[in-house]
>>> print(open('work09.cif').read())   # mmCIF, C-alpha atoms and all ligand atoms
data_start
#
loop_
_atom_site.label_atom_id
_atom_site.label_comp_id
_atom_site.auth_asym_id
_atom_site.auth_seq_id
_atom_site.Cartn_x
_atom_site.Cartn_y
_atom_site.Cartn_z
CA MET C 5 0.00 0.00 0.00
CA THR C 6 1.19 3.52 -0.78
CA ALA C 7 1.48 5.10 2.64
CA LEU C 8 3.21 7.78 4.63
CA THR C 9 5.25 6.03 7.29
CA ARG C 10 6.53 9.22 8.83
CA LEU C 11 5.16 12.73 9.02
CA ARG C 12 7.14 15.67 10.33
CA LEU C 13 5.98 19.25 10.75
CA THR C 14 7.72 22.38 11.91
CA ASP C 15 5.92 25.65 12.63
CA TYR C 16 2.87 24.47 10.71
CA ARG C 17 -0.40 25.96 12.09
CA ASN C 18 -0.64 24.94 15.77
CA TYR C 19 2.30 22.49 15.53
CA ALA C 20 5.67 23.85 16.64
CA ALA C 21 7.29 20.49 15.95
CA LEU C 22 5.78 17.08 15.29
CA ASP C 23 7.42 13.80 14.33
CA LEU C 24 4.96 10.99 13.82
CA ALA C 25 6.18 7.46 13.01
CA LEU C 26 3.51 5.24 11.42
CA ASP C 27 3.35 1.62 10.36
CA GLY C 28 1.70 2.16 6.96
CA ARG C 29 -1.89 1.24 7.85
CA HIS C 30 -4.73 3.76 7.54
CA VAL C 31 -4.68 6.50 10.16
CA CYS C 32 -7.57 7.63 12.39
CA LEU C 33 -7.00 10.96 14.08
CA TYR C 34 -9.20 11.66 17.06
CA GLY C 35 -9.30 14.53 19.52
CA ALA C 36 -11.34 17.51 20.67
CA ASN C 37 -12.49 20.33 18.41
CA GLY C 38 -9.63 22.71 17.74
CA ALA C 39 -6.96 20.16 18.65
CA GLY C 40 -5.37 20.25 15.20
CA LYS C 41 -6.82 17.27 13.30
CA THR C 42 -7.76 19.20 10.16
CA ASN C 43 -4.42 21.01 10.36
CA LEU C 44 -2.69 17.63 10.03
CA LEU C 45 -4.71 16.71 6.94
CA GLU C 46 -4.05 20.16 5.51
CA ALA C 47 -0.32 19.65 6.13
CA ILE C 48 -0.40 16.38 4.16
CA SER C 49 -2.36 18.09 1.39
CA GLN C 50 0.58 20.47 0.93
CA LEU C 51 2.52 17.55 -0.52
CA GLY C 52 0.21 17.68 -3.55
CA PRO C 53 -0.22 20.41 -6.19
CA GLY C 54 -2.20 23.58 -5.49
CA ARG C 55 -3.00 25.39 -2.28
CA GLY C 56 -4.14 22.40 -0.32
CA LEU C 57 -7.21 21.42 1.60
CA ARG C 58 -8.13 24.87 2.94
CA SER C 59 -6.95 26.85 -0.11
CA ALA C 60 -4.90 28.90 2.34
CA GLY C 61 -2.16 31.35 1.47
CA LEU C 62 1.37 30.09 2.11
CA ALA C 63 2.08 32.52 4.93
CA ASP C 64 -1.24 31.87 6.67
CA MET C 65 -0.10 28.35 7.48
CA THR C 66 2.97 29.49 9.40
CA ARG C 67 2.51 29.02 13.13
CA HIS C 68 1.80 32.29 14.92
CA ASP C 69 4.99 33.35 16.77
CA ALA C 70 7.21 31.27 14.46
CA GLU C 71 10.43 32.96 13.40
CA ALA C 72 10.61 31.52 9.90
CA GLY C 73 8.43 29.54 7.51
CA TRP C 74 6.81 26.12 7.94
CA THR C 75 7.85 22.69 6.72
CA VAL C 76 5.94 19.48 6.10
CA SER C 77 7.91 16.36 5.25
CA GLY C 78 7.32 12.67 5.18
CA GLU C 79 8.54 9.27 4.20
CA LEU C 80 6.61 7.48 1.48
CA GLU C 81 7.82 4.13 0.20
CA ASP C 82 11.51 4.79 0.95
CA ARG C 83 11.38 8.29 -0.52
CA ARG C 84 11.76 11.38 1.62
CA ILE C 85 9.50 14.15 0.39
CA GLY C 86 8.89 17.59 1.77
CA VAL C 87 7.52 21.05 1.12
CA GLY C 88 7.95 24.25 3.01
CA LEU C 89 7.68 27.99 2.99
CA ASP C 90 11.14 29.41 2.47
CA THR C 91 11.35 32.90 3.95
CA SER C 92 15.08 33.38 3.52
CA GLY C 93 14.93 35.34 0.23
CA ASN C 94 13.27 38.65 -0.65
CA THR C 95 9.98 36.96 -1.41
CA ALA C 96 8.74 33.97 0.56
CA LYS C 97 8.25 30.98 -1.67
CA ARG C 98 7.21 27.37 -1.66
CA GLN C 99 10.08 24.94 -1.73
CA VAL C 100 9.96 21.24 -2.59
CA ARG C 101 12.56 18.69 -1.48
CA ILE C 102 12.92 15.07 -2.50
CA ASP C 103 15.46 12.81 -0.77
CA GLY C 104 17.14 15.84 0.72
CA ALA C 105 17.64 17.78 -2.52
CA PRO C 106 15.64 20.71 -3.96
CA ALA C 107 13.09 19.55 -6.54
CA ASN C 108 10.13 20.72 -8.62
CA ALA C 109 6.45 20.35 -7.84
CA SER C 110 6.15 18.15 -10.94
CA ASP C 111 8.80 15.75 -9.57
CA LEU C 112 6.78 15.53 -6.37
CA ALA C 113 3.62 14.73 -8.32
CA GLU C 114 5.40 11.66 -9.72
CA LEU C 115 5.62 10.34 -6.16
CA ILE C 116 2.38 11.30 -4.45
CA ARG C 117 -1.27 11.94 -5.34
CA ILE C 118 -3.84 13.13 -2.85
CA VAL C 119 -7.65 13.28 -2.84
CA TRP C 120 -9.70 14.76 -0.01
CA LEU C 121 -13.17 15.34 1.31
CA THR C 122 -13.92 18.08 3.81
CA PRO C 123 -17.10 19.40 5.48
CA THR C 124 -16.84 22.60 3.42
CA MET C 125 -17.63 20.51 0.33
CA ASP C 126 -21.03 19.60 1.80
CA GLY C 127 -22.70 22.53 0.05
CA VAL C 128 -21.18 21.82 -3.34
CA PHE C 129 -24.41 20.59 -4.98
CA ARG C 130 -26.52 23.48 -3.67
CA GLY C 131 -23.90 26.15 -4.25
CA GLY C 132 -22.96 28.04 -7.38
CA ALA C 133 -21.20 26.79 -10.51
CA SER C 134 -17.86 28.14 -9.33
CA GLU C 135 -17.92 25.90 -6.24
CA ARG C 136 -18.66 22.81 -8.31
CA ARG C 137 -16.02 23.80 -10.84
CA ARG C 138 -13.46 24.11 -8.05
CA PHE C 139 -14.51 20.77 -6.60
CA PHE C 140 -14.22 19.05 -9.96
CA ASP C 141 -10.96 20.79 -10.88
CA ARG C 142 -9.51 19.43 -7.62
CA GLN C 143 -10.20 15.92 -8.88
CA VAL C 144 -8.72 16.84 -12.26
CA MET C 145 -5.59 18.15 -10.53
CA ALA C 146 -5.14 14.88 -8.68
CA HIS C 147 -5.15 13.10 -12.06
CA VAL C 148 -3.32 15.76 -14.05
CA PRO C 149 -1.01 17.69 -11.71
CA SER C 150 -0.23 20.34 -14.36
CA HIS C 151 -3.93 21.33 -14.47
CA GLY C 152 -3.45 24.00 -11.80
CA ALA C 153 -0.63 25.70 -13.68
CA THR C 154 -2.65 25.57 -16.92
CA SER C 155 -5.60 27.19 -15.14
CA SER C 156 -3.34 29.95 -13.82
CA ARG C 157 -2.07 30.60 -17.34
CA TYR C 158 -5.64 30.82 -18.61
CA GLU C 159 -6.71 33.18 -15.85
CA LYS C 160 -3.73 35.45 -16.36
CA ALA C 161 -4.56 35.84 -20.06
CA MET C 162 -8.23 36.40 -19.18
CA ARG C 163 -7.34 39.18 -16.76
CA GLU C 164 -5.45 40.89 -19.57
CA ARG C 165 -8.45 40.51 -21.86
CA ASN C 166 -10.80 41.85 -19.20
CA ALA C 167 -8.53 44.87 -18.75
CA LEU C 168 -8.85 45.52 -22.49
CA LEU C 169 -12.63 45.13 -22.34
CA GLU C 170 -12.87 47.69 -19.58
CA ARG C 171 -11.28 50.29 -21.78
CA GLY C 172 -14.13 49.71 -24.20
CA PHE C 173 -11.90 49.59 -27.23
CA ILE C 174 -10.19 46.51 -28.50
CA ASP C 175 -7.21 46.61 -30.78
CA PRO C 176 -7.88 43.51 -32.92
CA ALA C 177 -4.25 42.36 -33.22
CA TRP C 178 -3.70 42.73 -29.50
CA ALA C 179 -6.95 40.94 -28.67
CA ASP C 180 -6.13 38.13 -31.10
CA ALA C 181 -2.85 37.53 -29.28
CA ILE C 182 -4.42 37.48 -25.81
CA GLU C 183 -7.35 35.35 -26.91
CA GLY C 184 -4.92 32.98 -28.60
CA ARG C 185 -3.22 32.39 -25.25
CA MET C 186 -6.59 31.94 -23.53
CA ALA C 187 -7.66 29.48 -26.21
CA GLU C 188 -4.48 27.43 -25.97
CA ALA C 189 -4.71 27.07 -22.17
CA GLY C 190 -8.52 26.79 -22.25
CA ALA C 191 -8.37 23.89 -24.70
CA GLU C 192 -6.03 22.03 -22.38
CA ILE C 193 -8.30 22.72 -19.39
CA ALA C 194 -11.35 21.40 -21.22
CA ALA C 195 -9.50 18.34 -22.54
CA ASN C 196 -8.23 17.51 -19.03
CA ARG C 197 -11.74 17.90 -17.61
CA VAL C 198 -13.35 15.70 -20.24
CA ARG C 199 -10.75 12.99 -19.77
CA VAL C 200 -11.10 12.96 -15.98
CA LEU C 201 -14.90 13.15 -16.17
CA ARG C 202 -14.92 9.95 -18.23
CA ALA C 203 -12.51 8.20 -15.88
CA LEU C 204 -14.58 9.31 -12.89
CA GLN C 205 -17.89 8.19 -14.43
CA ASP C 206 -16.38 4.82 -15.37
CA SER C 207 -15.14 4.47 -11.84
CA VAL C 208 -18.56 5.38 -10.40
CA ASN C 209 -20.20 2.81 -12.67
CA ALA C 210 -17.80 0.12 -11.48
CA ARG C 211 -18.54 0.79 -7.82
CA PRO C 212 -20.50 -1.74 -5.80
CA GLU C 213 -24.18 -0.99 -5.23
CA GLY C 214 -24.92 -0.25 -1.63
CA HIS C 215 -24.28 2.41 0.90
CA PHE C 216 -23.04 5.23 -1.27
CA PRO C 217 -25.40 6.07 -4.15
CA LYS C 218 -24.05 6.51 -7.66
CA ALA C 219 -23.93 9.83 -9.44
CA ASP C 220 -24.31 10.64 -13.11
CA ILE C 221 -22.02 13.50 -13.92
CA ALA C 222 -21.65 15.79 -16.91
CA LEU C 223 -19.83 18.96 -17.85
CA GLU C 224 -21.80 21.94 -19.05
CA GLY C 225 -19.75 24.29 -21.18
CA ASP C 226 -19.11 24.94 -24.86
CA THR C 227 -15.38 24.25 -24.69
CA GLU C 228 -15.98 20.93 -22.95
CA ILE C 229 -18.61 20.00 -25.56
CA THR C 230 -16.00 20.53 -28.28
CA ALA C 231 -13.39 18.66 -26.23
CA ALA C 232 -15.79 15.73 -25.87
CA SER C 233 -16.07 15.49 -29.65
CA THR C 234 -12.36 15.63 -30.46
CA PRO C 235 -9.09 15.00 -28.64
CA ASP C 236 -7.29 17.46 -30.94
CA LEU C 237 -6.18 20.44 -28.84
CA ALA C 238 -5.72 22.73 -31.86
CA THR C 239 -9.34 22.18 -32.93
CA ILE C 240 -10.63 22.86 -29.41
CA ALA C 241 -8.47 25.99 -29.16
CA GLU C 242 -9.71 27.24 -32.51
CA SER C 243 -13.36 26.95 -31.50
CA LEU C 244 -12.69 28.78 -28.23
CA ALA C 245 -10.73 31.51 -30.03
CA ASP C 246 -13.68 31.92 -32.45
CA ALA C 247 -16.14 32.22 -29.56
CA LEU C 248 -13.98 34.82 -27.86
CA ARG C 249 -13.57 36.88 -31.02
CA GLU C 250 -17.28 36.77 -31.77
CA GLY C 251 -18.09 37.67 -28.17
CA ARG C 252 -15.98 40.83 -27.99
CA ARG C 253 -18.80 43.33 -28.31
CA ARG C 254 -21.00 41.43 -25.86
CA ASP C 255 -18.09 41.14 -23.42
CA ILE C 256 -17.33 44.88 -23.63
CA ALA C 257 -20.94 45.53 -22.60
CA ALA C 258 -20.70 43.00 -19.77
CA GLY C 259 -17.26 44.20 -18.67
CA ARG C 260 -15.98 40.63 -18.50
CA THR C 261 -15.43 37.49 -20.53
CA LEU C 262 -18.62 35.46 -20.86
CA SER C 263 -17.41 32.45 -22.80
CA GLY C 264 -14.74 29.93 -21.92
CA PRO C 265 -14.06 27.09 -19.48
CA HIS C 266 -14.08 29.51 -16.51
CA ARG C 267 -17.88 29.50 -16.93
CA SER C 268 -18.43 25.76 -17.05
CA ASP C 269 -20.45 23.79 -14.53
CA LEU C 270 -20.55 20.21 -13.36
CA THR C 271 -24.04 18.70 -13.30
CA VAL C 272 -24.56 15.87 -10.86
CA MET C 273 -27.61 13.60 -10.82
CA HIS C 274 -28.50 11.30 -7.94
CA ARG C 275 -28.91 8.05 -9.94
CA PRO C 276 -31.26 6.18 -7.57
CA THR C 277 -33.91 8.93 -7.83
CA GLY C 278 -32.92 10.42 -11.18
CA ALA C 279 -33.16 13.88 -9.61
CA PRO C 280 -30.51 16.59 -9.59
CA ALA C 281 -28.16 16.20 -6.63
CA ARG C 282 -29.06 19.73 -5.58
CA GLU C 283 -32.57 18.51 -4.74
CA ALA C 284 -31.40 15.50 -2.72
CA SER C 285 -31.58 15.51 1.07
CA THR C 286 -28.55 16.58 3.08
CA GLY C 287 -27.84 12.96 4.01
CA GLN C 288 -28.20 11.79 0.40
CA GLN C 289 -25.86 14.54 -0.76
CA LYS C 290 -23.28 13.57 1.82
CA ALA C 291 -23.42 9.90 0.79
CA LEU C 292 -23.26 10.89 -2.90
CA LEU C 293 -20.19 13.00 -2.23
CA ILE C 294 -18.43 10.19 -0.38
CA GLY C 295 -19.21 7.89 -3.31
CA LEU C 296 -17.76 10.43 -5.75
CA ILE C 297 -14.58 10.86 -3.73
CA LEU C 298 -14.14 7.11 -3.38
CA ALA C 299 -14.66 6.81 -7.14
CA SER C 300 -12.06 9.52 -7.68
CA ALA C 301 -9.52 7.63 -5.56
CA GLN C 302 -10.46 4.37 -7.30
CA ALA C 303 -10.05 6.00 -10.73
CA LEU C 304 -6.57 7.18 -9.74
CA ALA C 305 -5.72 3.76 -8.39
CA ALA C 306 -6.90 2.19 -11.68
CA ALA C 307 -4.49 4.49 -13.53
CA ALA C 308 -1.71 3.41 -11.19
CA HIS C 309 0.58 2.32 -14.00
CA ASP C 310 1.37 5.96 -14.67
CA ALA C 311 0.65 7.47 -11.26
CA PRO C 312 1.16 6.49 -7.64
CA ALA C 313 -1.87 5.27 -5.68
CA PRO C 314 -3.57 8.24 -4.03
CA LEU C 315 -3.70 9.05 -0.36
CA LEU C 316 -7.23 9.85 0.74
CA LEU C 317 -7.93 12.51 3.38
CA LEU C 318 -11.41 12.36 4.90
CA ASP C 319 -12.14 15.16 7.32
CA GLU C 320 -15.08 14.53 9.67
CA ALA C 321 -16.64 12.04 7.27
CA ALA C 322 -17.34 9.32 9.84
CA ALA C 323 -19.37 11.26 12.41
CA HIS C 324 -22.38 11.80 10.16
CA LEU C 325 -22.71 8.21 9.00
CA ASP C 326 -24.80 5.54 10.69
CA PRO C 327 -22.78 2.55 11.97
CA ASP C 328 -23.56 0.38 8.90
CA ARG C 329 -22.40 2.99 6.45
CA ARG C 330 -19.34 3.71 8.56
CA ALA C 331 -18.38 0.03 8.45
CA ALA C 332 -19.02 -0.03 4.67
CA LEU C 333 -16.78 3.00 4.24
CA TYR C 334 -13.93 1.37 6.16
CA ASP C 335 -14.30 -1.81 4.10
CA GLU C 336 -14.04 0.20 0.89
CA LEU C 337 -11.04 2.14 2.18
CA SER C 338 -9.35 -1.11 3.11
CA ALA C 339 -9.64 -2.27 -0.50
CA LEU C 340 -7.86 0.84 -1.83
CA PRO C 341 -4.14 0.71 -2.59
CA GLY C 342 -3.45 4.07 -0.90
CA GLN C 343 -3.48 5.10 2.75
CA ALA C 344 -6.55 6.88 4.13
CA TRP C 345 -6.39 9.52 6.86
CA LEU C 346 -9.61 10.14 8.76
CA THR C 347 -10.59 12.54 11.52
CA GLY C 348 -13.28 12.45 14.21
CA THR C 349 -13.82 13.78 17.69
CA GLU C 350 -14.22 10.33 19.27
CA ARG C 351 -12.06 7.25 19.06
CA PHE C 352 -15.05 4.87 18.99
CA LEU C 353 -16.09 6.23 15.58
CA PHE C 354 -13.31 4.12 14.10
CA ASP C 355 -14.01 0.87 15.96
CA ALA C 356 -15.25 -0.91 12.82
CA PHE C 357 -11.81 -0.45 11.29
CA GLU C 358 -10.57 -2.99 13.84
CA ASP C 359 -6.85 -3.55 13.28
CA ARG C 360 -6.82 -2.20 9.71
CA ALA C 361 -5.96 1.30 10.94
CA GLN C 362 -3.78 3.04 13.50
CA ARG C 363 -5.28 5.35 16.08
CA VAL C 364 -3.59 8.67 16.70
CA GLU C 365 -4.70 10.97 19.49
CA VAL C 366 -4.44 14.67 18.70
CA THR C 367 -4.19 17.22 21.49
CA GLU C 368 -3.38 20.88 20.99
CA GLY C 369 -0.38 20.87 18.71
CA ALA C 370 0.68 17.30 19.52
CA ALA C 371 -0.21 13.88 18.16
CA GLU C 372 0.58 10.47 19.56
CA VAL C 373 0.16 6.99 18.11
CA MET C 374 -2.03 5.02 20.52
CA ALA C 375 -2.31 1.62 18.84
N1 LIG C 401 -1.20 29.80 11.77
C1 LIG C 401 -1.58 29.27 12.94
N2 LIG C 401 -0.76 29.30 14.01
C2 LIG C 401 -1.15 28.77 15.20
N3 LIG C 401 -2.32 28.16 15.39
C3 LIG C 401 -3.17 28.09 14.36
C4 LIG C 401 -2.84 28.63 13.08
N4 LIG C 401 -3.89 28.41 12.25
C5 LIG C 401 -4.81 27.76 12.98
N5 LIG C 401 -4.39 27.56 14.24
C6 LIG C 401 -5.10 26.90 15.33
O1 LIG C 401 -5.40 25.57 14.98
C7 LIG C 401 -6.58 25.19 15.70
C8 LIG C 401 -7.58 24.53 14.77
O2 LIG C 401 -7.08 23.33 14.37
P1 LIG C 401 -7.97 22.35 13.51
O3 LIG C 401 -7.00 21.43 12.89
O4 LIG C 401 -8.88 23.08 12.63
O5 LIG C 401 -8.80 21.63 14.65
P2 LIG C 401 -9.67 20.31 14.60
O6 LIG C 401 -8.94 19.31 15.45
O7 LIG C 401 -10.98 20.69 15.18
O8 LIG C 401 -9.76 19.89 13.18
C9 LIG C 401 -7.21 26.42 16.26
O9 LIG C 401 -7.01 26.40 17.64
C10 LIG C 401 -6.44 27.53 15.61
O10 LIG C 401 -6.32 28.63 16.43
MG MG C 402 -11.43 19.90 11.95
#
>>> encode(input="work09.cif", output="structure tokens")
Amino acid sequence: MTALTRLRLTDYRNYAALDLALDGRHVCLYGANGAGKTNLLEAISQLGPGRGLRSAGLADMTRHDAEAGWTVSGELEDRRIGVGLDTSGNTAKRQVRIDGAPANASDLAELIRIVWLTPTMDGVFRGGASERRRFFDRQVMAHVPSHGATSSRYEKAMRERNALLERGFIDPAWADAIEGRMAEAGAEIAANRVRVLRALQDSVNARPEGHFPKADIALEGDTEITAASTPDLATIAESLADALREGRRRDIAAGRTLSGPHRSDLTVMHRPTGAPAREASTGQQKALLIGLILASAQALAAAAHDAPAPLLLLDEAAAHLDPDRRAALYDELSALPGQAWLTGTERFLFDAFEDRAQRVEVTEGAAEVMA
């Protein structure tokens, strides 16, 4: 099983220093509210691409009163991996280390993949398109680690276009150049999304019937529709560039860019009832979300020939499940090839794991393996 067998933190959130040695089983973190359970999951999430589980700024994660930046490091299948906030230069920046030497984020992504579920995702079906897009793009990023950088490139070009729109006059040559960059990055974004959507739906379909209902998912957006009909990036880019050019006058009136993958939505249907997930009960939504995240981890595991098995971080997922569902969740986790980290306020929540997981007690800025 792909597992962290050691986790070390310095000056990360409420941890001045932590060194946790683990035996490679799943990990159940229990402790009072505010003890630092979610902080531990967030620390692990820093080992993946993007801003991590709370989307926090780099400096926000530094422990109050710390003199320098934070570090998170671990041992994963004989490799030593770490990230940190380096405050030694003029501008603080994120630093990656592998086996003691400086490395790139893309090197790190070769070694570790991470998927997570947090209580803040509970509202994803009822919320706006941007929330669902962010949720889905997180799954895409776990499959395609460069997706985040591609999205940043797209957004940067879009900000330039929006600045042009605000002036109310568009120099065609200039706009062509900016829209060309948007189209190139946008095509890649849409192609990534379509590919991961298919892998995720396949993975959902292959899941056992039972405690976590299946979802039917689709992407709503013109660029994704094109990307679903052809894998050719140049063709997708061309259709997006056309849409942007044709939309200039409309976009000047709106003061922003109204076409492109930054407007897309993920539609989710609750298969057992055939109704939109947004209309499902809170409990149904929660179970649907757990099913989707399990499917996401299973899809990554199925692609394991070109990616490491994912770690799965489940924050407060156990408390809201009845005992049967909890046991079903632990059985499913036990069948995954990657380590799961779970949190809960009470140790008994994890009893059905039996000896398939380690228990770790978390108390204000400290954590101790109990069994
Ligand atoms: N940058 C920081 N420095 C020090 N403490 C922090 C920092 N950020 C958050 N905390 C503290 O971490 C605690 C919350 O930890 P959290 O992991 O969310 O708890 P829980 O165990 O309930 O999941 C709070 O007490 C908060 O004040
Ligand atoms: Mg928490």
>>> residues_around(input="work09.cif", residues="C:Thr271", least_positions_apart="5", cutoff="8 Å", atoms="all atoms listed in the file", output="ChimeraX atom specification")
/C:221-224,280
>>> closest_atom_pairs(input="work09.cif", of="chain C", to="ligand LIG 401 (chain C)", cutoff="8 Å", atoms="all atoms listed in the file", output="tab-separated table")
residue	atom	partner	partner_atom	distance
C:Asp15	CA	C:LIG401	N2	7.7
C:Tyr16	CA	C:LIG401	N1	6.8
C:Arg17	CA	C:LIG401	C1	3.6
C:Asn18	CA	C:LIG401	N3	3.7
C:Tyr19	CA	C:LIG401	C2	7.2
C:Tyr34	CA	C:LIG401	O6	7.8
C:Gly35	CA	C:LIG401	O6	6.3
C:Ala36	CA	C:LIG401	O6	6.0
C:Asn37	CA	C:LIG401	O7	3.6
C:Gly38	CA	C:LIG401	O5	3.4
C:Ala39	CA	C:LIG401	O6	3.9
C:Gly40	CA	C:LIG401	O3	3.1
C:Lys41	CA	C:LIG401	O6	3.6
C:Thr42	CA	C:LIG401	O3	3.6
C:Asn43	CA	C:LIG401	O3	3.6
C:Leu44	CA	C:LIG401	O3	6.4
C:Leu45	CA	C:LIG401	O3	7.9
C:Asp64	CA	C:LIG401	N1	5.5
C:Met65	CA	C:LIG401	N1	4.7
C:Thr66	CA	C:LIG401	N1	4.8
C:Arg67	CA	C:LIG401	N2	3.4
C:His68	CA	C:LIG401	N2	4.0
C:Asp69	CA	C:LIG401	N2	7.6
C:Asp319	CA	C:LIG401	O8	7.9
C:Thr347	CA	C:LIG401	O8	7.6
C:Thr349	CA	C:LIG401	O6	7.7
C:Val366	CA	C:LIG401	O6	7.2
C:Thr367	CA	C:LIG401	O6	8.0
C:Glu368	CA	C:LIG401	O9	7.4
C:Gly369	CA	C:LIG401	O1	7.8
>>> atom_distance(input="work09.cif", atom1="atom CA of C:Ala307", atom2="atom CA of C:Val200")
11.0 Å
>>> closest_residue(input="work09.cif", among="C:Arg29, C:Arg165, C:Arg199, C:Arg130", to="C:Gly251", atoms="only C-alpha atoms")
C:Arg165
>>> residues_around(input="work09.cif", residues="C:Leu333", least_positions_apart="5", cutoff="9 Å", atoms="only C-alpha atoms", output="ChimeraX atom specification")
/C:215-216,294,322,328,338
>>> write_last_selection(input="work09.cif", atoms="C-alpha atoms", output="mmCIF file, in the frame of the given file")
data_model
loop_
_atom_site.group_PDB
_atom_site.id
_atom_site.type_symbol
_atom_site.label_atom_id
_atom_site.label_comp_id
_atom_site.auth_asym_id
_atom_site.auth_seq_id
_atom_site.Cartn_x
_atom_site.Cartn_y
_atom_site.Cartn_z
ATOM 1 C CA HIS C 215 -24.280 2.410 0.900
ATOM 2 C CA PHE C 216 -23.040 5.230 -1.270
ATOM 3 C CA ILE C 294 -18.430 10.190 -0.380
ATOM 4 C CA ALA C 322 -17.340 9.320 9.840
ATOM 5 C CA ASP C 328 -23.560 0.380 8.900
ATOM 6 C CA SER C 338 -9.350 -1.110 3.110
#
>>> decode(input="work09.cif", residues="stretch 35-49 of chain C", atoms="N, CA, C and O atoms", output="compact mmCIF listing (two decimals), in the first residue's frame")
# COMPACT_ATOMS: atom_id res chain seq x y z
N GLY C 35 -9.64 13.52 18.53
CA GLY C 35 -9.30 14.53 19.52
C GLY C 35 -10.37 15.61 19.51
O GLY C 35 -11.23 15.65 18.62
N ALA C 36 -10.31 16.49 20.49
CA ALA C 36 -11.34 17.51 20.67
C ALA C 36 -11.34 18.51 19.51
O ALA C 36 -10.37 18.60 18.76
N ASN C 37 -12.43 19.24 19.39
CA ASN C 37 -12.49 20.33 18.41
C ASN C 37 -11.35 21.30 18.67
O ASN C 37 -11.07 21.64 19.81
N GLY C 38 -10.70 21.74 17.60
CA GLY C 38 -9.63 22.71 17.74
C GLY C 38 -8.29 22.11 18.11
O GLY C 38 -7.30 22.83 18.26
N ALA C 39 -8.22 20.79 18.24
CA ALA C 39 -6.96 20.16 18.65
C ALA C 39 -5.89 20.24 17.56
O ALA C 39 -4.70 20.34 17.85
N GLY C 40 -6.33 20.18 16.30
CA GLY C 40 -5.37 20.25 15.20
C GLY C 40 -5.47 19.07 14.24
O GLY C 40 -4.51 18.76 13.53
N LYS C 41 -6.63 18.43 14.20
CA LYS C 41 -6.82 17.27 13.30
C LYS C 41 -6.84 17.72 11.84
O LYS C 41 -6.12 17.18 11.00
N THR C 42 -7.69 18.71 11.55
CA THR C 42 -7.76 19.20 10.16
C THR C 42 -6.42 19.80 9.74
O THR C 42 -6.00 19.65 8.59
N ASN C 43 -5.74 20.45 10.68
CA ASN C 43 -4.42 21.01 10.36
C ASN C 43 -3.47 19.92 9.86
O ASN C 43 -2.68 20.16 8.95
N LEU C 44 -3.55 18.73 10.46
CA LEU C 44 -2.69 17.63 10.03
C LEU C 44 -3.02 17.19 8.60
O LEU C 44 -2.12 16.96 7.79
N LEU C 45 -4.32 17.08 8.31
CA LEU C 45 -4.71 16.71 6.94
C LEU C 45 -4.27 17.79 5.96
O LEU C 45 -3.78 17.50 4.86
N GLU C 46 -4.46 19.05 6.39
CA GLU C 46 -4.05 20.16 5.51
C GLU C 46 -2.54 20.11 5.24
O GLU C 46 -2.08 20.35 4.13
N ALA C 47 -1.78 19.75 6.29
CA ALA C 47 -0.32 19.65 6.13
C ALA C 47 0.01 18.59 5.07
O ALA C 47 0.82 18.83 4.17
N ILE C 48 -0.66 17.44 5.16
CA ILE C 48 -0.40 16.38 4.16
C ILE C 48 -0.79 16.87 2.76
O ILE C 48 -0.08 16.61 1.79
N SER C 49 -1.89 17.62 2.69
CA SER C 49 -2.36 18.09 1.39
C SER C 49 -1.35 19.02 0.71
O SER C 49 -1.37 19.20 -0.50
